[in-house]
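Colleague: I am attaching a structure below and will ask some questions about it afterwards.
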Amino acid sequence: MAVTVDDDRGAMWTRGGVRIGLPPENRRQQAVKLFWTGLWLFYLSAPVLDLVRGGHSAGARTLGVLGLVAFVITYLILVLRAGPRVFLGPVLITLGVLAALATVLPLALGREWLVLFVYVAISSGAALPGEYSRWTVPAVTALLTATALLVPDGDHYLVGLLLPALMGGFAMVGVRAMLRTTMQLREARATVAQLAANEERLRMARDLHDLLGHSLSLITLKSELAGRMLPDHPDRAARQVADIEQVCRQALVDVREAVSGYRRPTLPGELAGARTALTAAGVTADLPTDAPGELPEDTESALAWSLREAVTNVVRHSGAKRCTVTLEACQTLAGPVMELTVRDDGAGGPSTHGNGLTGLTERLEAVGGSLAAGPAGKTGFRLCARVPLGSSS
């Protein structure tokens, strides 16, 4: 019994390397597939024995040999070329040639040749799409019946050939349908894998932008501050350099955790980091002293990323003197939400969604939340992130 496995294109392979459902691509595959297909030609022993022992004339024997060789070659071409892409015209012509040979040879040489119709039925099921083969297989069996009734004593062979012709033909229809379904599943799996890879790349892009943007902004500010302090206050400059080293080490840890997919920022940690960054930038920080109680992990992570991105933008772009952060639970028509608001008194301006705000929007939408960002009056900028409470998507 041949054992089959699937390849990535949906074809089925036997242990010997036969690709059922796809045409061979090289000589080795042609040889192996020809061997396994040729095994089924054993059932043509009845016509061969009839040629040897049937008492036919030399002319009839020559006709039989030529007809049988032509039938076998045509059958092998049809079966070996069977694949997911069907050129309907050539296949139908080839099947017509097979059916004609299967009809003429029994009428000329006798009932032993009726077995050829089984090969015609099987090849039509293997080579044609289901919408065609479901008609051609019964048509071949009907032609077999009509021919058997015309051949002397052919009705004695008819009972033993009808079932193999029908069952073999429709079995190949089922195999072809299974191969088509397998190929579609393989294509779907490849699409899902591609989407997963794209999602992972997007996650990495978001995490690295948020992590490095914040950390590099803080390093830049502290480096400038240390540079100004160095001539007159070397001890204070040394403290700033020590802070830079600590930020660099923490950034390295964060990047490693982000790459591994394990990093989930917390609100207490981001509030402490925000206070440090704002103070280093000379911005008066008005932040909550305590983070809210227990929050779902995804909800807290989304709010923590929002706080980090908002504070980074304040430090880098706003030129603000004061930044106020509020974090409170609110009741809305859609239900309770946790609302994070970051507002500064800087230059304000239009809300242009770059990588940071785009990434935040995606993070919040993933947990059913939303993001609103824009100018706050004549001066200043306001970012508001809302996440529903009670469930995490």
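In the structure tokens, chains take the letters A, B, ... in the order shown, each chain's residues start at 1, and ligands count up from 1 in the order shown.
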Would you pick out the contacts of Pro164 of chain A at 10 Å or less, using only C-alpha atoms, so that residues sharing its chain but fewer than 2 positions from it are not included, and give the list as a short mmCIF file (atom, residue, chain, number, x, y, z; two decimals) with N, CA and C atoms, in the first residue's frame?

Modeller:
```cif
data_model
loop_
_atom_site.label_atom_id
_atom_site.label_comp_id
_atom_site.auth_asym_id
_atom_site.auth_seq_id
_atom_site.Cartn_x
_atom_site.Cartn_y
_atom_site.Cartn_z
N VAL A 115 -12.40 -4.38 -21.29
CA VAL A 115 -11.75 -3.81 -20.11
C VAL A 115 -11.17 -2.43 -20.39
N PHE A 117 -12.60 0.10 -21.43
CA PHE A 117 -13.52 1.16 -20.99
C PHE A 117 -13.28 1.56 -19.54
N VAL A 118 -12.78 0.64 -18.72
CA VAL A 118 -12.47 0.99 -17.33
C VAL A 118 -11.38 2.06 -17.29
N TYR A 119 -10.39 1.92 -18.16
CA TYR A 119 -9.32 2.91 -18.21
C TYR A 119 -9.83 4.26 -18.73
N ALA A 121 -12.88 5.45 -18.27
CA ALA A 121 -13.64 6.06 -17.17
C ALA A 121 -12.71 6.64 -16.12
N ILE A 122 -11.67 5.88 -15.77
CA ILE A 122 -10.73 6.36 -14.74
C ILE A 122 -9.98 7.60 -15.23
N THR A 141 -19.62 4.55 -19.15
CA THR A 141 -20.24 3.28 -18.76
C THR A 141 -21.42 2.95 -19.67
N VAL A 159 -21.28 -7.35 -16.43
CA VAL A 159 -21.52 -7.26 -14.99
C VAL A 159 -20.22 -7.01 -14.24
N GLY A 160 -19.14 -7.65 -14.65
CA GLY A 160 -17.86 -7.50 -13.95
C GLY A 160 -17.13 -6.22 -14.29
N LEU A 161 -17.56 -5.48 -15.31
CA LEU A 161 -16.86 -4.26 -15.71
C LEU A 161 -17.60 -2.98 -15.36
N LEU A 162 -18.94 -3.06 -15.25
CA LEU A 162 -19.70 -1.84 -14.97
C LEU A 162 -19.30 -1.21 -13.63
N LEU A 166 -17.58 2.49 -13.08
CA LEU A 166 -18.24 3.55 -12.33
C LEU A 166 -17.47 3.93 -11.07
N MET A 167 -17.10 2.92 -10.28
CA MET A 167 -16.41 3.19 -9.02
C MET A 167 -15.04 3.80 -9.26
N GLY A 168 -14.30 3.27 -10.24
CA GLY A 168 -12.98 3.82 -10.52
C GLY A 168 -13.05 5.24 -11.03
N GLY A 169 -14.00 5.52 -11.93
CA GLY A 169 -14.13 6.88 -12.46
C GLY A 169 -14.51 7.88 -11.39
N PHE A 170 -15.53 7.54 -10.57
CA PHE A 170 -15.96 8.49 -9.54
C PHE A 170 -14.96 8.56 -8.39
N ALA A 171 -14.20 7.50 -8.17
CA ALA A 171 -13.12 7.58 -7.16
C ALA A 171 -12.09 8.62 -7.58
#
```

Colleague: Could you tell me how far atom CA of Glu199 of chain A sits from atom CA of Ala334 of chain A, in Å to one decimal place?

Modeller: 28.7 Å

Colleague: If you run DSSP over the backbone, which residues in segment 138-384 of chain A end up helix (DSSP H, G or I)? Put them as number ranges by chain.

Modeller: A: 138-150, 154-229, 234-260, 267-280, 297-318, 355-366

Colleague: Need to verify the contact set: segment 209-225 of chain A, 10 Å, only C-alpha atoms, exclusion of same-chain residues closer than 5 positions in sequence. Can you return it as a ChimeraX atom specification?

Modeller: /A:203-204,230,236-237,239-248,250-252,254-255,258,273-274,276-278,280-282,305-306,308-313,315-316,355-357,359-360

Colleague: Restricting the calculation to only C-alpha atoms, which member of A:Leu327, A:Leu271, A:Val367, A:Leu303 is positioned closest to Thr341 of chain A?

Modeller: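 Of A:Leu327, A:Leu271, A:Val367, A:Leu303, the one nearest Thr341 of chain A, counting only C-alpha atoms, is A:Leu327.
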
Colleague: Neighbours of Leu78 of chain A within 8 Å (only C-alpha atoms; same-chain residues fewer than 4 positions away dropped), as JSON, numbers by chain?

Modeller: {"A": [74, 82, 91, 94, 123, 127]}

Colleague: Between atom CA of Cys384 of chain A and atom CA of Gly293 of chain A, what is the distance, to one decimal in Å?

Modeller: 19.7 Å

Colleague: Applying 6 Å and only C-alpha atoms, which residues near segment 336-340 of chain A remain after dropping the ones on its own chain fewer than 5 positions away? List them as a list in words.

Modeller: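 Near segment 336-340 of chain A, the qualifying residues are Thr326, Leu327, Glu328, Ala329, Cys330, Gln331, Cys384, Ala385, Arg386, Val387, Pro388 and Leu389 of chain A.
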
Colleague: Skipping near chain neighbours, those fewer than 4 positions away, what residues fall within 12 Å of Gly64 of chain A using only C-alpha atoms, listed as a list in words?

Modeller: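 That gives Pro47, Val48, Leu49, Asp50, Leu51, Val52, Gly54, His56, Ser57, Ala58, Gly59, Ala60, Leu68, Val69, Ala70, Phe71, Leu101, Ala102, Val104, Leu105, Pro106, Leu107, Ala108, Leu109, Gly110, Glu112 and Trp113 of chain A.
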
Colleague: At what distance in Å, to one decimal, does atom CA of Thr284 of chain A lie from atom CA of Pro265 of chain A?

Modeller: 23.5 Å

Colleague: Mind checking which residues fall within 10 Å of Asp286 of chain A, counting only C-alpha atoms, ignoring those fewer than 2 positions away in the same chain, and posting them as a CSV table (one decimal) with all heavy atoms, in the first residue's frame?

Modeller:
```
chain,number,residue,atom,x,y,z
A,275,ARG,N,7.4,61.4,34.4
A,275,ARG,CA,7.8,62.5,35.3
A,275,ARG,C,9.3,62.8,35.1
A,275,ARG,O,9.7,64.0,35.1
A,275,ARG,CB,7.6,62.1,36.8
A,275,ARG,CG,7.8,63.2,37.8
A,275,ARG,CD,7.5,62.7,39.2
A,275,ARG,NE,6.1,62.2,39.3
A,275,ARG,CZ,5.0,63.0,39.5
A,275,ARG,NH1,5.2,64.3,39.6
A,275,ARG,NH2,3.8,62.4,39.7
A,278,LEU,N,9.8,64.6,31.6
A,278,LEU,CA,9.3,66.0,31.6
A,278,LEU,C,10.2,66.9,32.4
A,278,LEU,O,10.5,68.1,32.1
A,278,LEU,CB,7.8,66.0,32.1
A,278,LEU,CG,6.8,65.4,31.2
A,278,LEU,CD1,5.5,65.3,31.9
A,278,LEU,CD2,6.6,66.2,29.9
A,283,VAL,N,9.9,70.8,31.8
A,283,VAL,CA,8.5,71.0,31.7
A,283,VAL,C,7.9,70.6,33.1
A,283,VAL,O,8.2,69.6,33.6
A,283,VAL,CB,7.9,70.0,30.6
A,283,VAL,CG1,6.4,70.2,30.6
A,283,VAL,CG2,8.5,70.3,29.3
A,284,THR,N,7.1,71.5,33.6
A,284,THR,CA,6.4,71.2,34.8
A,284,THR,C,5.4,70.1,34.6
A,284,THR,O,4.5,70.2,33.8
A,284,THR,CB,5.7,72.5,35.3
A,284,THR,OG1,6.6,73.6,35.5
A,284,THR,CG2,5.0,72.2,36.7
A,288,PRO,N,-0.8,62.2,38.0
A,288,PRO,CA,-1.4,61.5,39.1
A,288,PRO,C,-0.4,60.9,40.0
A,288,PRO,O,0.7,60.4,39.5
A,288,PRO,CB,-2.3,60.4,38.4
A,288,PRO,CG,-2.5,60.8,37.0
A,288,PRO,CD,-1.2,61.6,36.7
A,289,THR,N,-0.7,60.9,41.3
A,289,THR,CA,0.3,60.3,42.2
A,289,THR,C,0.2,58.8,42.2
A,289,THR,O,1.2,58.1,42.5
A,289,THR,CB,0.1,60.9,43.6
A,289,THR,OG1,-1.3,60.6,44.0
A,289,THR,CG2,0.4,62.4,43.6
A,322,ARG,N,4.3,73.4,30.6
A,322,ARG,CA,3.5,72.6,31.5
A,322,ARG,C,2.8,71.5,30.8
A,322,ARG,O,2.3,71.7,29.7
A,322,ARG,CB,2.5,73.5,32.3
A,322,ARG,CG,1.8,72.8,33.4
A,322,ARG,CD,0.8,73.8,34.1
A,322,ARG,NE,0.3,73.1,35.3
A,322,ARG,CZ,0.8,73.1,36.5
A,322,ARG,NH1,2.0,73.7,36.6
A,322,ARG,NH2,0.2,72.5,37.5
A,323,CYS,N,2.7,70.4,31.5
A,323,CYS,CA,2.0,69.2,30.9
A,323,CYS,C,1.2,68.6,32.0
A,323,CYS,O,1.7,68.3,33.1
A,323,CYS,CB,3.0,68.2,30.4
A,323,CYS,SG,2.2,66.6,29.7
A,324,THR,N,-0.1,68.4,31.7
A,324,THR,CA,-1.0,67.8,32.7
A,324,THR,C,-1.5,66.4,32.2
A,324,THR,O,-2.0,66.3,31.1
A,324,THR,CB,-2.2,68.7,32.9
A,324,THR,OG1,-1.7,70.0,33.4
A,324,THR,CG2,-3.2,68.2,34.0
A,325,VAL,N,-1.4,65.5,33.1
A,325,VAL,CA,-1.9,64.1,32.8
A,325,VAL,C,-3.0,63.8,33.8
A,325,VAL,O,-2.8,63.9,35.0
A,325,VAL,CB,-0.8,63.1,32.9
A,325,VAL,CG1,-1.3,61.7,32.6
A,325,VAL,CG2,0.3,63.4,31.9
A,326,THR,N,-4.1,63.3,33.3
A,326,THR,CA,-5.2,62.8,34.1
A,326,THR,C,-5.6,61.4,33.7
A,326,THR,O,-5.5,61.1,32.5
A,326,THR,CB,-6.5,63.7,34.0
A,326,THR,OG1,-6.9,63.7,32.6
A,326,THR,CG2,-6.2,65.1,34.4
A,342,VAL,N,-3.7,63.7,28.1
A,342,VAL,CA,-2.4,64.4,28.2
A,342,VAL,C,-2.6,65.7,27.5
A,342,VAL,O,-2.8,65.8,26.3
A,342,VAL,CB,-1.3,63.6,27.6
A,342,VAL,CG1,0.1,64.3,27.8
A,342,VAL,CG2,-1.2,62.2,28.3
A,343,ARG,N,-2.4,66.8,28.3
A,343,ARG,CA,-2.5,68.2,27.7
A,343,ARG,C,-1.3,69.0,28.0
A,343,ARG,O,-0.8,69.0,29.1
A,343,ARG,CB,-3.8,68.8,28.2
A,343,ARG,CG,-4.1,70.2,27.7
A,343,ARG,CD,-5.4,70.7,28.0
A,343,ARG,NE,-5.7,72.0,27.5
A,343,ARG,CZ,-6.9,72.6,27.5
A,343,ARG,NH1,-8.0,71.9,28.0
A,343,ARG,NH2,-7.1,73.8,27.0
```

Colleague: Taking only C-alpha atoms into account, which of A:Ile93, A:Ala347, A:Arg176, A:Gly154 comes nearest Ser133 of chain A?

Modeller: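 Counting only C-alpha atoms, the residue closest to Ser133 of chain A is A:Arg176.
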
Colleague: From a backbone DSSP assignment, name each residue in segment 232-373 of chain A labelled strand (DSSP E), as a list of chain:residue names.

Modeller: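 Here are the strand (DSSP E) residues of segment 232-373 of chain A: A:Thr284, A:Ala285, A:Asp286, A:Arg322, A:Cys323, A:Thr324, A:Val325, A:Thr326, A:Leu327, A:Glu328, A:Ala329, A:Cys330, A:Gln331, A:Thr332, A:Gly335, A:Pro336, A:Val337, A:Met338, A:Glu339, A:Leu340, A:Thr341, A:Val342, A:Arg343, A:Asp344, A:Ser370, A:Leu371, A:Ala372, A:Ala373.
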